[in-house]
Amino acid sequence: MPANPLLICAPSPELRARLEQLREAGYATTSVETAADSVNALGAAPFDLIIAEGLAVSGAIGRIRGATTRQVPLIVVSPAGDVEARIAFLEAGADDVISASFALEELQARVEALLIRTGKARPEGAANRGAGRIVTFFAPKGGVGTTTLAVNSAVLLAGGPEAMQGRAARVLLIDLDLQFGQVATHLNLAPRYDIADLCSDEQALVDPALAATYLTMHTSGVSILAGPSNPEADFRITVDQLEKALRILRPAFDHVLVDCGSRLDPRTLWMLEQADTHVFVIFPEIAALRATTLMLGFLAETATLRATTHLVVNHIFPKELLKTRDVENLLRAKPVAEIPYSEVDMIRAVNEGVPVVFSRPSSPASRAIQVLTVAIVGAEWRQRPSPGKGPAPRRGGLRLGRR
Ligand SMILES: Nc1ncnc2c1ncn2[C@@H]1O[C@H](COP(=O)(O)OP(=O)(O)OP(=O)(O)O)[C@@H](O)[C@H]1O
Ligand SMILES: [Mg+2]
């Protein structure tokens with residue numbers, strides 16, 4: 001049973017009572033009513049996490065953070081349905097934001113996830129379950145939707161468009177497109193730190209709590225290790241640093257999704273070797289297919305792979321340039337999913353930083369991404385029932401490479 005000491009700060013007796021239900025889950029809660037009381041409490045006793053009503057701490061997050069030298073993660077309870085307030089709290093330094101309409105299971109899941117991410121609790125059953133499963137997204141040609149698919153799968157795994165309801169997975173999304181990675185743009189995030197910062201901090205590479213401070217939390221619950229803010233960082237990041245970063249971050253997550261971009265180099269090759277699942281994104285055009293065939297052959301010859309490989313056809317153009325049957329014949333493999341062309345939704349999703357599975361959850365493209373997501377994690381993840389029938393995953397993956 002968890003016994004982490006939690007500090008609750010809420011002027012509203014009703015909200016305080018709902019937050020104090022965390023006691024039933026075994027947490028040691030202490031409640032106060034104002035930001036000033038929180039500062040005093042933090043100075044007087046060690047706490048592992050703070051949950052505060054947004055209005056009570058609005059403008060006082062910095063003061064609360066400065067009340068103790070310990071790193072105490074903060075969850076802010078934001079007014080229901082107020083997206084701007086959620087963003088404002090995250091920008092002000094909150095580690096996570098939960099809507100005031102939360103269900104107890106969601107609250108528990110977020111508290112647990114944040115405690116694990118900051119090294120203050122161990123994942124339940126971690127010893128049996130092992131560390132997060134790694135899923136890499138790669139395409140030998142750029143601009144074919146690799147980032148779109150990685151980002152949308154990540155937010156689906158973290159709980160989908162609705163509240164997490166206690167069964168969402170802990171998801172880390174790594175942007176390994178080390179020159180021009182745009183994961184943060186797709187999620188409308190402005191990360192304080194990125195992968196290059198983590199890789200250059202030797203202490204963080206051996207300290208899980210410190211390493212977690214390099215992550216940026218998205219409102220979906222996905223933790224992001226953002227791509228470098230300066231393309232020059234690409235020349236400095238080594239396989240050794242990545243290995244340490246993955247080793248220190250991975251145990252706190254159920255799934256580690258990696259956007260590997262479209263360039264094979266020692267870092268992406270190493271990550272492909274670590275993966276449990278590969279997703280290769282294909283644009284149905286002869287040059288892209290030839291590049292895919294070359295890449296698959298190269299990987300089979302040179303890399304030590306243990307992953308199951310899934311091919312995904314993404315229609316980024318309105319015209320069907322090649323039939324899926326032709327693609328299957330050329331690649332001698334069946335794609336696990338086919339994402340239909342949906343220009344306006346996709347461009348708007350990137351421009352607004354809201355993944356299409358959030359903005360248009362019932363669109364054909366979102367449903368196809370759900371199929372892909374179910375396929376890449378298998379039966380471990382059950383899709384929430386949604387109105388209308390979505391297509392079921394059709395085909396298994398293939399295996400490549402030397403073992
Ligand atoms: N199924 C689709 N229909 C229409 N447009 C799409 C589709 N999938 C992706 N796009 C659009 O294609 C563009 C490129 O997508 P994305 O950035 O995900 O590709 P990428 O392979 O990661 O590119 P890069 O090589 O630059 O990293 C974006 O504008 C995106 O909105
Ligand atoms: Mg990309």
# chains A, B, ... in the order shown; residues from 1 in each chain; ligands from 1
>>> residues_near_ligand(ligand="ligand 1", cutoff="7 Å", atoms="only C-alpha atoms and all ligand atoms", output="list of chain:residue names")
A:Ala139, A:Lys141, A:Gly142, A:Gly143, A:Val144, A:Gly145, A:Thr146, A:Thr147, A:Thr148, A:Leu149, A:Gly181, A:Gln182, A:Gly261, A:Ser262, A:Asn314, A:His315, A:Ile316, A:Phe317, A:Ile339, A:Pro340, A:Tyr341, A:Ser342, A:Glu343, A:Met346, A:Ile347, A:Ala349, A:Val350, A:Ala365
>>> residues_around(residues="A:Leu187", least_positions_apart="4", cutoff="7 Å", atoms="only C-alpha atoms", output="list in words")
Val183, Gly353, Val354 and Pro355 of chain A
>>> write_last_selection(atoms="N, CA and C atoms", output="mmCIF file, in the first residue's frame")
data_model
loop_
_atom_site.group_PDB
_atom_site.id
_atom_site.type_symbol
_atom_site.label_atom_id
_atom_site.label_comp_id
_atom_site.auth_asym_id
_atom_site.auth_seq_id
_atom_site.Cartn_x
_atom_site.Cartn_y
_atom_site.Cartn_z
ATOM 1 N N VAL A 183 7.612 16.999 -32.210
ATOM 2 C CA VAL A 183 6.604 16.419 -31.309
ATOM 3 C C VAL A 183 5.956 17.523 -30.467
ATOM 4 N N GLY A 353 -2.054 22.282 -32.584
ATOM 5 C CA GLY A 353 -1.383 21.493 -31.535
ATOM 6 C C GLY A 353 -2.337 20.594 -30.768
ATOM 7 N N VAL A 354 -3.425 20.184 -31.426
ATOM 8 C CA VAL A 354 -4.389 19.260 -30.778
ATOM 9 C C VAL A 354 -4.477 18.014 -31.645
ATOM 10 N N PRO A 355 -3.981 16.861 -31.164
ATOM 11 C CA PRO A 355 -3.976 15.652 -31.995
ATOM 12 C C PRO A 355 -5.363 15.339 -32.537
#
>>> closest_residue(among="A:Leu55, A:Ala303, A:Ala10, A:Val313", to="A:Leu289", atoms="only C-alpha atoms")
A:Val313
>>> closest_atom_pairs(of="stretch 186-277 of chain A", to="stretch 78-98 of chain A", cutoff="9 Å", atoms="only C-alpha atoms", output="tab-separated table")
residue	atom	partner	partner_atom	distance
A:Ala190	CA	A:Glu91	CA	8.5
A:Thr216	CA	A:Asp95	CA	8.1
A:Met217	CA	A:Asp96	CA	6.6
A:His218	CA	A:Asp96	CA	8.0
A:Thr219	CA	A:Val97	CA	6.9
A:Gly221	CA	A:Asp96	CA	7.8
>>> select_by_dssp(residues="stretch 262-340 of chain A", states="strand (DSSP E)", output="list in words")
Thr277, His278, Val279, Phe280, Val281, Ile282, Thr308, Thr309, His310, Leu311, Val312, Val313, Asn314, Ala337, Glu338 and Ile339 of chain A
>>> write_last_selection(atoms="N, CA and C atoms", output="mmCIF file, in the first residue's frame")
data_model
loop_
_atom_site.group_PDB
_atom_site.id
_atom_site.type_symbol
_atom_site.label_atom_id
_atom_site.label_comp_id
_atom_site.auth_asym_id
_atom_site.auth_seq_id
_atom_site.Cartn_x
_atom_site.Cartn_y
_atom_site.Cartn_z
ATOM 1 N N THR A 277 8.491 -3.120 -30.490
ATOM 2 C CA THR A 277 7.615 -2.995 -31.659
ATOM 3 C C THR A 277 8.135 -1.880 -32.557
ATOM 4 N N HIS A 278 8.172 -2.156 -33.856
ATOM 5 C CA HIS A 278 8.502 -1.119 -34.840
ATOM 6 C C HIS A 278 7.253 -0.743 -35.614
ATOM 7 N N VAL A 279 7.070 0.551 -35.831
ATOM 8 C CA VAL A 279 6.040 1.006 -36.761
ATOM 9 C C VAL A 279 6.769 1.736 -37.889
ATOM 10 N N PHE A 280 6.681 1.194 -39.097
ATOM 11 C CA PHE A 280 7.281 1.855 -40.253
ATOM 12 C C PHE A 280 6.164 2.482 -41.072
ATOM 13 N N VAL A 281 6.297 3.774 -41.313
ATOM 14 C CA VAL A 281 5.228 4.512 -41.993
ATOM 15 C C VAL A 281 5.547 4.577 -43.483
ATOM 16 N N ILE A 282 4.550 4.236 -44.283
ATOM 17 C CA ILE A 282 4.761 4.151 -45.734
ATOM 18 C C ILE A 282 3.796 5.076 -46.451
ATOM 19 N N THR A 308 8.625 -6.816 -33.102
ATOM 20 C CA THR A 308 7.609 -7.122 -34.092
ATOM 21 C C THR A 308 7.446 -5.868 -34.952
ATOM 22 N N THR A 309 7.403 -6.070 -36.251
ATOM 23 C CA THR A 309 7.340 -4.915 -37.153
ATOM 24 C C THR A 309 5.944 -4.746 -37.733
ATOM 25 N N HIS A 310 5.453 -3.516 -37.698
ATOM 26 C CA HIS A 310 4.170 -3.204 -38.323
ATOM 27 C C HIS A 310 4.373 -2.149 -39.397
ATOM 28 N N LEU A 311 3.794 -2.379 -40.554
ATOM 29 C CA LEU A 311 3.812 -1.376 -41.619
ATOM 30 C C LEU A 311 2.478 -0.649 -41.604
ATOM 31 N N VAL A 312 2.521 0.668 -41.790
ATOM 32 C CA VAL A 312 1.294 1.470 -41.843
ATOM 33 C C VAL A 312 1.328 2.292 -43.117
ATOM 34 N N VAL A 313 0.262 2.227 -43.883
ATOM 35 C CA VAL A 313 0.179 3.063 -45.083
ATOM 36 C C VAL A 313 -0.544 4.355 -44.704
ATOM 37 N N ASN A 314 0.102 5.487 -44.965
ATOM 38 C CA ASN A 314 -0.536 6.770 -44.663
ATOM 39 C C ASN A 314 -0.783 7.535 -45.965
ATOM 40 N N ALA A 337 -2.405 -1.175 -40.721
ATOM 41 C CA ALA A 337 -3.462 -0.152 -40.770
ATOM 42 C C ALA A 337 -3.207 0.750 -41.961
ATOM 43 N N GLU A 338 -4.287 1.384 -42.391
ATOM 44 C CA GLU A 338 -4.194 2.298 -43.518
ATOM 45 C C GLU A 338 -4.884 3.591 -43.086
ATOM 46 N N ILE A 339 -4.138 4.692 -43.083
ATOM 47 C CA ILE A 339 -4.706 5.949 -42.590
ATOM 48 C C ILE A 339 -5.220 6.731 -43.796
#
>>> closest_residue(among="A:Leu246, A:Leu330, A:Leu257, A:Leu115", to="A:Val206", atoms="only C-alpha atoms")
A:Leu246
>>> closest_residue(among="A:Thr268, A:Ser99, A:Thr213, A:Ser220", to="A:Leu178", atoms="only C-alpha atoms")
A:Thr268
>>> residues_around(residues="A:Glu20", least_positions_apart="4", cutoff="10 Å", atoms="only C-alpha atoms", output="PyMOL selection string")
chain A and resi 6-8+14-16+24-25+27-31
